[in-house]
Every structure is written in structure tokens, then in C-alpha cells.
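Trainee: I'd like to ask some things about the structure below.
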Amino acid sequence: MRQIKSFSILGTLFLVAGAVAAQTPPPKAPVKEVVETYFGQKVVDPYRWMEETKRPEMVGWMKAQNDYTRAVLEKIPARAALSQRIKALDNAGTSVTAVQWVEGRYFYFKTEPGSDNRKLYVREGLEGTERLLLDPEKLSTKEKHYSIDYFIPSLDGRYVAAGVSVGGSENSVLEIIESATGKELSDRIDRAQFGSAAWRKDGKSFFYNRLARLTPQSAPTDRYLKSKVFLHTLGSDPNKDPAVFGFELSKSVSMTPEDIPFIAYSPASPWVLGIIAHGVQNERTLYAARIDSVGGAATPWRKVADVDDAVTNLDLRGNTAYLVTHKDAPRFQVSTIDLAHPEKKAVVIVPASDVVVTSVGVAKDALYVQDLDGGLGRLRRVPFGGGAAEILALPFEGAISAMTTDPRRDGAILQMTSWTKPPLWYTYDPKTGKAVDTKLAPPSPVDFSGVDSAEVKAKSADGTMVPLSIVYKKDIVLDGSHPIWLEGYGAYGITIDPAFSPTRLAWLERGGVFAVAHVRGGGEYGEDWHRGGMLLTKQHTIDDFLACAQYLIEKKYTSPAHLAGEGTSAGGVTIGGAITQRPDLFGAALIRVGDSDALRSELMESGPANIPEFGTVKTEEGFKALSAMDAYQHVKDATAYPAVLLTTGANDPRVAPWQAGKMTARLQAATSSGKPILLRVDYDAGHGLGSTKTQRDEELADEESFLFWQLGVPEFQPK
């Protein structure tokens with residue numbers, strides 16, 4: 001009976017999808033083939049012209065596609081009710097993020113019910129009255145909105161530097177706010193996307209990264225090249241700030257144009273570290289200099305660590321640098337180096353073990369080490385001067401979604417959450433040995449008592465066991481009928497940790513199941529897991545995702561007709577590979593601001609920075625890797641592809657909008673299933689990081705109603 005019912009719903013679904021699409025077909029994209037030869041292999045690109053996103057033909061096509069998508073989505077029954085439910089859930093509680101303590105003051109982002117964007121607040125101690133410092137909604141208009149990208153308080157807490165950008169562009173303008181009054185100073189520094197203001201002890205100056213000034217003749221790939229670290233003093237002209245660290249600035253520092261420089265400073269050390277990020281590569285190159293010697297090209301920088309030392313995280317105290325490294329330790333360890341004597345060998349103080357070391361923080365009393373243990377967060381305290389590491393008791397089993405320390409304060413501040421527990425901020429006190437709720441964030445009123453989660457493993461194509469998280473209602477019946485939203489990422493060594501989302505209840509309470517495939521390319525099991533899904537091993541990422549999809553089918557959580565896969569950003573490679581290799585396995589898919597055309601990705605603004613992770617077509621090995629992971633190039637004509645909703649933001653600095661455009665055009669031309677291929681464009685958004693609550697809620701309503709429609713949920717079927 002269940003099979004007959006599923007077949008009936010699926011058949012109706014195909015008819016409905018075809019009928020809706022037949023009403024007003026989406027505009028066809030003209031084919032203008034470009035043929036290139038890479039290392040003896042010809043590659044045909046039918047929609048290369050779309051990469052010129054400002055040409056009228058492309059602008060018109062994108063707008064027509066988005067108009068069509070809006071018309072289709074708005075006709076889905078129950079979408080309006082779903083949208084209202086999502087908004088109600090999102091406005092039910094208060095969100096507090098990015099908590100920082102500085103000399104008795106707590107700084108944090110806060111989003112309250114009814115507020116459309118996060119605002120910057122400060123309070124004197126936990127019992128003090130909070131004060132609003134910066135409200136981006138006051139800057140926003142009907143046509144465009146502003147968002148706060150980051151903030152960094154001065155070491156005395158008197159000022160705070162904040163990056164503000166328009167339309168989700170992340171193109172931050174750095175401004176300074178007086179924390180006692182909320183007064184904005186006259187200082188304005190543009191091209192401060194990375195910012196990373198490292199305040200000096202005087203409280204009136206800081207180091208910061210600034211992108212190079214572009215000209216009308218600059219190529220898109222020039223945006224992140226040749227940036228430098230400058231020293232700014234409050235009240236001075238930013239355009240006259242002296243450069244202190246960067247490309248071709250010092251003969252003692254070796255950098256390429258693609259490298260991105262930063263400076264790290266701690267009030268607990270007389271040293272600063274010049275940090276060179278090699279694009280998205282996690283391993284950094286480190287130079288050291290005494291803070292009082294930093295003053296331009298003559299700064300006596302000394303190299304203390306290079307890429308081969310595999311340093312990914314660090315902190316400072318006195319002459320000691322604490323380094324998280326995976327050199328000879330795939331799950332990472334903590335080493336120290338003496339900055340006054342860099343010729344001395346590094347000393348391991350936290351050896352590698354079964355857990356993955358993710359970060360360290362220097363507090364007044366000890367070094368705090370954050371770990372990942374089978375998807376769960378752990379915290380260790382390591383006394384200065386030697387002594388065994390102590391595993392600390394945490395409030396509950398879950399993820400540590402943030403940890404901060406200050407060398408002038410005992411203990412650590414951490415945010416904890418899980419799939420079913422809302423995020424709360426705790427402060428760990430070494431005197432009591434307990435982590436206590438700060439009350440900075442109230443518990444979410446959204447009731448997840450009827451929701452449960454499971455951590456299982458699926459066997460991939462090569463026999464590797466892949467972690468899979470499943471979130472569902474407790475009364476679930478495993479009969480293969482449930483709509484599944486399966487998310488996968490798998491890049492940069494990033495992990496998808498357990499996280500509470502109030503709006504997810506809108507999916508779960510309608511019978512949906514949410515799942516996360518912790519595929520290779522991520523960092524769930526350390527650097528080996530990361531390298532197992534990058535460059536020429538990227539197929540493992542896709543195989544792992546497909547294995548998790550098959551697990552959900554075999555265990556009767558769902559069936560192919562009710563299964564949807566999703567990949568965001570670099571996860572576009574994952575979901576794109578999944579639906580082009582196994583289109584029969586999915587009823588629908590979401591490609592969210594996704595990288596679909598890997599062979600052309602290095603020509604995006606962010607392209608050069610991503611070469612370490614994905615490769616370059618300038619080498620034969622890189623071409624082979626990119627060609628294999630390019631979903632756009634693997635779309636085949638006359639193939640029954642699942643329904644696909646692709647999304648993009650017009651101001652996206654990370655994945656160019658033409659990626660979604662080209663993949664949409666290719667799928668629309670190739671699919672034989674009759675299922676819709678839709679492109680959603682937000683013209684006041686970027687990659688999603690600066691989107692407002694309303695934007696996120698509307699996008700989620702579109703995505704969930706699209707999936708419910710295509711996965712056969714009755715109330716979402718057009719009549």
C-alpha cells in the first residue's frame with residue numbers, strides 16, 4: 001500500500017510540475033558555444049556569455065528567470081501559511097551572538113523579536129543595563145539594507161571598531177564607536193572587508209587589513225590581490241595610514257599577490273604576529289616582531305612558522321606562541337614556540353589524541369583548548385608552566401559553537417547548543433570548576449520537546465564510514481514516506497556541528513526530517529578527513545553524500561521520491577555532483593549560492609583564493625580535479641533530473657551569480673523529467689552573511705514550500 005500511495009503522489013507531482021511550467025515557460029537562454037582545449041581535452045561551454053553579468057542580455061535573462069520563479073512559488077498552496085509560521089518561529093525568541101568580554105564590559109550582537117537585523121550592544125558586567133551602540137536598521141532604506149559584518153572592541157573597552165556593508169555585499173566600511181556614549185567618530189575606512197582590527201595598548205590605534213584600490217580597468221580577480229596591513233590612529237586620514245605588513249613591503253617577508261596579511265596582538269605579550277593567509281588554505285605562515293618595532297618597511301620581521309609547520313590557530317602569552325598544528329598529527333596537537341628564540345625547537349604541550357583540537361585561547365589562569373569529539377564539543381584546561389590537561393565538565397552534551405578568552409580574565413566564555421537545545425552563553429570559572437549561564441541570551445521559547453536526533457554512520461563507496469546526523473519528530477514511523485532535507489558541504493576542513501534552529505520546526509512539524517551528511521572535505525575527523533575530499537579526491541565528498549542518501553532510503557526514513565539534497569556555496573560541488581551522477585536518487589534539490597562551474601571558478605573575485613582547495617586549470621592535475629567536480633559540465637541532455645531550485649544574491653562576493661545562471665540554463669535545456677528548474681535571485685543580498693531576518697525567512701519559505709511541493713506533501717500540491 002505504501003508503494004502504491006507513493007507512486008500515486010509521484011505521478012500527480014510530475015503532472016502538476018509540468019502543468020505549472022507549461023503556463024509560462026521560463027525564458028530560454030541562447031546557446032553561444034565556446035570551445036577550449038586543456039591539456040589535450042576539449043571543453044564546450046554553451047553559456048560562457050553569462051559570465052558578463054552586466055551585459056543587458058544577461059541582466060534581462062536573470063530578471064525574467066526570477067520573475068518566473070516568483071510566479072511559480074507564489075502559486076504553491078500553503079506557502080503563505082508556511083511563511084507565516086517561519087516568521088513566527090524566528091520572532092519567538094532573542095538571539096545573542098559573538099559575545100566578547102573586555103575589562104568588565106560585554107559586547108555582543110543581539111536580534112530581538114520584531115527586529116530585522118542584528119544590532120551591536122554593550123553592558124557593564126552581567127548585571128548592568130545593556131546599551132545599544134549600533135543599529136544598522138537606521139541606515140537601511142526600502143531599496144537597500146545595511147548589516148554589521150564584525151566588531152572588535154579596543155583593549156580598554158572605550159571604543160569598538162565595526163564593519164558595516166550594504167546589500168549583503170560584505171564590502172565593509174570600518175567605523176569607530178565610543179562605547180560609553182554610542183557616538184560615532186569621524187573615522188571611516190572603506191575596503192575593510194576583512195578588517196581584523198588589532199588594537200594596540202594605547203587604545204587609540206590599531207592594525208587592520210585593507211584591500212587594494214581598484215580601477216575601472218581592474219579584473220574581477222584583482223579584488224583580493226595585494227592587500228596590506230595598515231596602522232590607523234584615531235582622527236587621522238585613513239588614506240595616509242602607513243602600511244606595516246604586506247606584499248612587496250619588506251625584504252624580510254615573502255608574499256605572493258594572492259596572499260592576505262593580518263596582524264595578531266595580545267595585551268599579554270610584547271610581540272605581534274604577522275599572519276599570512278594563503279587564500280583559503282588553513283595552514284598559515286607566521287612572522288614575529290616586537291610591538292614597539294612595528295613601523296613600516298623597516299620592521300624587523302622574523303619568520304617563525306611556515307606552511308609546512310601546518311599551523312591553523314594560535315594565541316600569545318609573554319614570549320610564548322601557542323600553536324594548533326596538524327604536522328605529524330592529523331587530528332591536531334598544541335605546540336609552543338619561544339618568540340625570543342625562534343631557532344629553538346617547538347615543544348608539544350597537548351599531544352594528539354582521538355579528539356580533534358580545533359582552537360586555543362589564553363586566559364589569565366590557563367590555556368583553554370577546544371576539541372571536537374565525535375561531533376560533540378569538549379573543553380580542556382592546561383595550566384601554564386606544565387601540568388596535565390583537565391577535561392572540564394560542560395552543561396550538556398552538545399556543540400561548543402563559540403569560545404572566547406581574555407588574558408586579563410580567568411576562565412572562558414562559551415556558547416553551547418545542540419540539534420534540540422537552544423544556544424546559551426556560559427562562563428567557566430576555574431575557582432568553582434563550573435560553567436554558569438550568563439543569562440545574556442534567554443532560552444528559546446520554541447518547543448523542541450517533541451524532537452529527537454540520532455548520530456549514525458553510512459558506508460561510502462570505498463568502505464569509509466561517514467557520520468550522518470538525523471533530526472526528526474519523536475513519533476516518526478519509518479515507512480519511507482517522509483520528506484527529507486539532506487544537507488552536505490565538505491570543504492576547507494569546515495565542520496557542520498549540531499545547531500539549534502527555531503525555524504527548522506516548520507519543516508519537522510509537517511512530517512519532514514532534516515539530516516546532515518558529514519562528508520569528507522570537512523574537518524569532522526581532522527586533516528585526513530579534509531584532504532580526503534579536496535582536489536583529486538573530491539569524488540569522495542560526493543560518494544559520501546550519496547551513501548548517506550541511500551542510508552536514509554534503506555532505513556525507510558524516506559524514498560527517492562521524497563528525498564531532497566542541498567548544498568550551499570562550496571557545497572554546490574557536492575549536490576551538483578550528486579544529482580548529475582545519481583539523478584534517480586532525488587526528488588528535488590537545492591543549490592544555494594552554489595559553486596557549480598568549477599572549471600571557471602578561479603575567474604571569480606574570490607577565485608584565486610580558492611585554488612589551494614580546488615585547484616587551477618593552469619596545471620594538468622588541477623584541471624583534472626576541477627573537471628571531475630564541475631557539475632555544470634556533467635549535465636547530460638535528455639536526462640530525467642530532479643526538480644531544482646537554485647539561489648543567488650546579486651551582490652555575492654564569494655560565488656558569482658553567473659554560476660547559478662549557467663547551471664540553471666544548462667539544467668533547463670537538458671532535463672527530460674518535466675520537473676521545474678527554478679532560479680531565485682535576491683537583488684539586495686550577497687552570499688547570505690549580511691541578509692536580514694526577513695530575507696532569510698522569505699528564502700526559507702520559498703525553499704521549504706518548493707520541497708514540500710516536489711516531495712509530494714498534499715497541502716502543497718496545486719489543484
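Lettering and numbering for the C-alpha cells are positional, with chains as A, B, ... in the shown order, residues counted from 1 in each chain, and ligands counted from 1 in the shown order.
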Check stretch 266-375 of chain A with DSSP on the backbone and list each residue it calls helix (DSSP H, G or I), as a VMD selection string.

Mentor: chain A and resid 291 to 293 307 to 309

Trainee: Wanna dump the stretch 439-539 of chain A-stretch 277-301 of chain A contacts at 12 Å for me, each residue with its shortest atom pair and the distance in Å to one decimal, counting only C-alpha atoms, ordered by chain and number, as CSV?

Mentor:
residue,atom,partner,partner_atom,distance
A:Ala491,CA,A:Val280,CA,10.0
A:Tyr492,CA,A:Val280,CA,7.1
A:Gly493,CA,A:Asn282,CA,8.1
A:Ile494,CA,A:Asn282,CA,10.1
A:Gly523,CA,A:Asn282,CA,11.1
A:Gly526,CA,A:Asn282,CA,12.0
A:Glu527,CA,A:Asn282,CA,9.9
A:His530,CA,A:Asn282,CA,10.5
A:Arg531,CA,A:Gln281,CA,11.4
A:Met534,CA,A:Gln281,CA,11.4

Trainee: Can you pull out every residue within 8 Å of A:Leu132, counting only C-alpha atoms, but drop anything in the same chain fewer than 2 positions away, and send it as a PyMOL selection string?

Mentor: chain A and resi 119-122+130+134-135+182

Trainee: Using N, CA and C atoms, can you export the residues from the last selection as an mmCIF file, in the first residue's frame?

Mentor:
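Written output follows (again.cif):
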data_model
loop_
_atom_site.group_PDB
_atom_site.id
_atom_site.type_symbol
_atom_site.label_atom_id
_atom_site.label_comp_id
_atom_site.auth_asym_id
_atom_site.auth_seq_id
_atom_site.Cartn_x
_atom_site.Cartn_y
_atom_site.Cartn_z
ATOM 1 N N LYS A 119 21.918 43.872 15.985
ATOM 2 C CA LYS A 119 22.420 45.162 16.426
ATOM 3 C C LYS A 119 23.550 44.943 17.426
ATOM 4 N N LEU A 120 24.391 45.940 17.576
ATOM 5 C CA LEU A 120 25.528 45.845 18.473
ATOM 6 C C LEU A 120 25.200 46.487 19.813
ATOM 7 N N TYR A 121 25.408 45.719 20.904
ATOM 8 C CA TYR A 121 25.108 46.182 22.261
ATOM 9 C C TYR A 121 26.343 46.066 23.147
ATOM 10 N N VAL A 122 26.296 46.778 24.280
ATOM 11 C CA VAL A 122 27.312 46.665 25.313
ATOM 12 C C VAL A 122 26.626 46.755 26.666
ATOM 13 N N GLU A 130 22.022 46.982 29.489
ATOM 14 C CA GLU A 130 22.629 46.993 28.166
ATOM 15 C C GLU A 130 22.305 48.296 27.438
ATOM 16 N N LEU A 134 25.063 50.306 17.960
ATOM 17 C CA LEU A 134 24.942 50.478 16.510
ATOM 18 C C LEU A 134 23.744 49.702 15.991
ATOM 19 N N ASP A 135 22.859 50.425 15.300
ATOM 20 C CA ASP A 135 21.643 49.837 14.742
ATOM 21 C C ASP A 135 21.653 50.016 13.229
ATOM 22 N N GLY A 182 27.957 55.758 22.589
ATOM 23 C CA GLY A 182 27.397 55.342 21.311
ATOM 24 C C GLY A 182 27.714 56.315 20.191
#

Trainee: So which residues touch stretch 571-581 of chain A within 8 Å, counting only C-alpha atoms, skipping near sequence neighbours fewer than 4 positions away, as an MDAnalysis selection string?

Mentor: chainID A and resid 488:491 541:543 545:546 565:567 585:586 589:596 598 629:632 634:636 641:642

Trainee: Write down as a list in words the residues belonging to stretch 431-463 of chain A that are assigned strand (DSSP E or B) by DSSP computed on the backbone.

Mentor: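 Strand (DSSP E or B) members of stretch 431-463 of chain A, listed: Lys434, Ala435, Val436, Asp437, Val451, Asp452, Ser453, Ala454, Glu455, Val456, Lys457, Ala458 and Lys459 of chain A.
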
Trainee: With a distance cut-off of 7 Å and only C-alpha atoms, select the neighbouring residues of stretch 399-411 of chain A, excluding the residue or stretch itself and same-chain residues fewer than 3 positions from it, and output the selection as a VMD selection string.

Mentor: chain A and resid 100 268 361 to 365 376 to 377 414 to 418 428 to 430 497 to 498

Trainee: Limited to C-alpha atoms, could you put the picked residues into a file as a PDB file, in the first residue's frame?

Mentor:
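What landed in part_31.pdb:
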ATOM      1  CA  GLN A 100      33.227  39.385  23.881  1.00  0.00           C
ATOM      2  CA  ALA A 268      49.664  39.606  27.390  1.00  0.00           C
ATOM      3  CA  GLY A 361      42.611  30.578  23.979  1.00  0.00           C
ATOM      4  CA  VAL A 362      44.868  32.197  26.555  1.00  0.00           C
ATOM      5  CA  ALA A 363      43.129  33.255  29.775  1.00  0.00           C
ATOM      6  CA  LYS A 364      44.704  34.751  32.885  1.00  0.00           C
ATOM      7  CA  ASP A 365      44.736  31.416  34.715  1.00  0.00           C
ATOM      8  CA  LEU A 376      30.442  16.834  20.372  1.00  0.00           C
ATOM      9  CA  GLY A 377      32.294  19.791  21.837  1.00  0.00           C
ATOM     10  CA  LEU A 414      31.480  29.696  25.586  1.00  0.00           C
ATOM     11  CA  GLN A 415      28.284  29.231  23.665  1.00  0.00           C
ATOM     12  CA  MET A 416      26.733  25.774  23.685  1.00  0.00           C
ATOM     13  CA  THR A 417      23.921  24.301  21.644  1.00  0.00           C
ATOM     14  CA  SER A 418      22.680  21.049  20.076  1.00  0.00           C
ATOM     15  CA  TYR A 428      33.531  28.888  33.070  1.00  0.00           C
ATOM     16  CA  ASP A 429      35.005  29.820  36.456  1.00  0.00           C
ATOM     17  CA  PRO A 430      38.159  27.844  37.372  1.00  0.00           C
ATOM     18  CA  ASP A 497      28.263  20.984  14.170  1.00  0.00           C
ATOM     19  CA  PRO A 498      24.936  20.391  15.929  1.00  0.00           C
TER      20      PRO A 498
END

Trainee: Which residues are near A:Ile263? Cut-off 8 Å, only C-alpha atoms, ignore same chain within fewer than 2 positions. Put them as number ranges by chain.

Mentor: A: 198, 207-208, 229, 245, 261, 265, 272-275

Trainee: Residues as selected, N, CA and C atoms, written as an mmCIF file, in the first residue's frame, can you do that?

Mentor:
data_model
loop_
_atom_site.group_PDB
_atom_site.id
_atom_site.type_symbol
_atom_site.label_atom_id
_atom_site.label_comp_id
_atom_site.auth_asym_id
_atom_site.auth_seq_id
_atom_site.Cartn_x
_atom_site.Cartn_y
_atom_site.Cartn_z
ATOM 1 N N ALA A 198 43.353 44.961 15.043
ATOM 2 C CA ALA A 198 44.135 44.525 16.206
ATOM 3 C C ALA A 198 44.544 45.777 16.968
ATOM 4 N N PHE A 207 45.966 47.969 14.065
ATOM 5 C CA PHE A 207 46.371 47.422 12.777
ATOM 6 C C PHE A 207 45.115 46.853 12.092
ATOM 7 N N TYR A 208 45.055 46.969 10.768
ATOM 8 C CA TYR A 208 43.897 46.426 10.060
ATOM 9 C C TYR A 208 44.276 46.094 8.627
ATOM 10 N N VAL A 229 48.394 45.348 5.513
ATOM 11 C CA VAL A 229 48.016 45.745 6.864
ATOM 12 C C VAL A 229 48.536 47.158 7.100
ATOM 13 N N PHE A 245 52.685 45.763 6.898
ATOM 14 C CA PHE A 245 52.852 44.340 6.601
ATOM 15 C C PHE A 245 52.082 44.046 5.323
ATOM 16 N N PRO A 261 47.416 39.356 4.258
ATOM 17 C CA PRO A 261 48.144 39.554 5.514
ATOM 18 C C PRO A 261 47.270 40.094 6.645
ATOM 19 N N TYR A 265 47.675 40.580 17.835
ATOM 20 C CA TYR A 265 48.332 41.154 19.010
ATOM 21 C C TYR A 265 47.535 40.806 20.260
ATOM 22 N N VAL A 272 53.997 40.886 18.334
ATOM 23 C CA VAL A 272 52.872 40.754 17.405
ATOM 24 C C VAL A 272 53.255 39.681 16.390
ATOM 25 N N LEU A 273 52.255 39.036 15.833
ATOM 26 C CA LEU A 273 52.484 38.060 14.775
ATOM 27 C C LEU A 273 51.926 38.589 13.473
ATOM 28 N N GLY A 274 52.768 38.594 12.453
ATOM 29 C CA GLY A 274 52.296 38.864 11.106
ATOM 30 C C GLY A 274 51.844 37.553 10.504
ATOM 31 N N ILE A 275 50.571 37.468 10.196
ATOM 32 C CA ILE A 275 49.981 36.207 9.723
ATOM 33 C C ILE A 275 49.683 36.328 8.236
#

Trainee: Skipping near chain neighbours, those fewer than 2 positions away, what residues fall within 8 Å of stretch 157-160 of chain A using only C-alpha atoms, listed as a list in words?

Mentor: Val102, Glu103, Arg105, Phe151, Ile152, Pro153, Ser154, Leu155, Ala162, Ile176, Ile177, Glu178, Ser179, Ala180 and Gly203 of chain A

Trainee: Atom CA of A:Val311 and atom CA of A:Gly163, how far apart in Å?

Mentor: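 Separation of atom CA of A:Gly163 and atom CA of A:Val311: 27.1 Å.
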
Trainee: Rank A:Lys28, A:Arg504, A:Lys618, A:Lys675 by their smallest atom-to-atom distance to A:Ala701, using only C-alpha atoms, and report the top residue only.

Mentor: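 The closest residue to A:Ala701 is A:Arg504.
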
Trainee: One decimal, in Å: what's the spacing between atom CA of A:Ser252 and atom CA of A:Phe194?

Mentor: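 Rounded to one decimal, the two atoms are 24.0 Å apart.
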
Trainee: Have a look at atom CA of A:Ala219 and atom CA of A:Glu51 and let me know their distance in Å, one decimal.

Mentor: 12.7 Å

Trainee: Looking at A:Asn319, A:Ser353, A:Gln659, A:Ser449, which one is nearest to A:Ala570, with distances taken over only C-alpha atoms?

Mentor: A:Gln659

Trainee: Could the residues of stretch 545-619 of chain A that have an atom at most 10 Å from stretch 709-715 of chain A be listed as a Markdown table, each with its closest atom pair and the distance in Å to one decimal, counting only C-alpha atoms and ordered by chain and ascending residue number?

Mentor:
| residue | atom | partner | partner_atom | distance |
| --- | --- | --- | --- | --- |
| A:Ser559 | CA | A:Leu711 | CA | 9.8 |
| A:Pro560 | CA | A:Leu711 | CA | 9.1 |
| A:Ala561 | CA | A:Leu711 | CA | 6.1 |
| A:His562 | CA | A:Leu711 | CA | 4.5 |
| A:Leu563 | CA | A:Leu711 | CA | 6.9 |
| A:Ala564 | CA | A:Leu711 | CA | 7.7 |
| A:Phe586 | CA | A:Leu711 | CA | 9.3 |
| A:Gly587 | CA | A:Leu711 | CA | 6.1 |
| A:Ala588 | CA | A:Gln710 | CA | 6.4 |
| A:Ala589 | CA | A:Gln710 | CA | 9.5 |

Trainee: In terms of the shortest atom-to-atom distance over only C-alpha atoms, which of A:Ser169, A:Thr558, A:Ser460, A:Ser606 is closest to A:Arg223?

Mentor: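 Looking at the shortest contact to A:Arg223, the residue is A:Ser606.
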
Trainee: Given the choices A:Pro25, A:Gly522, A:Pro422, A:Gly128, which gets closest to A:Ala71 if the distance is worked out from only C-alpha atoms?

Mentor: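 Comparing A:Pro25, A:Gly522, A:Pro422, A:Gly128 against A:Ala71, the winner is A:Pro25.
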
Trainee: Could you check which of A:Ala625, A:Ala517, A:Leu603, A:Ile677 is closest to A:Pro220, using only C-alpha atoms?

Mentor: A:Leu603
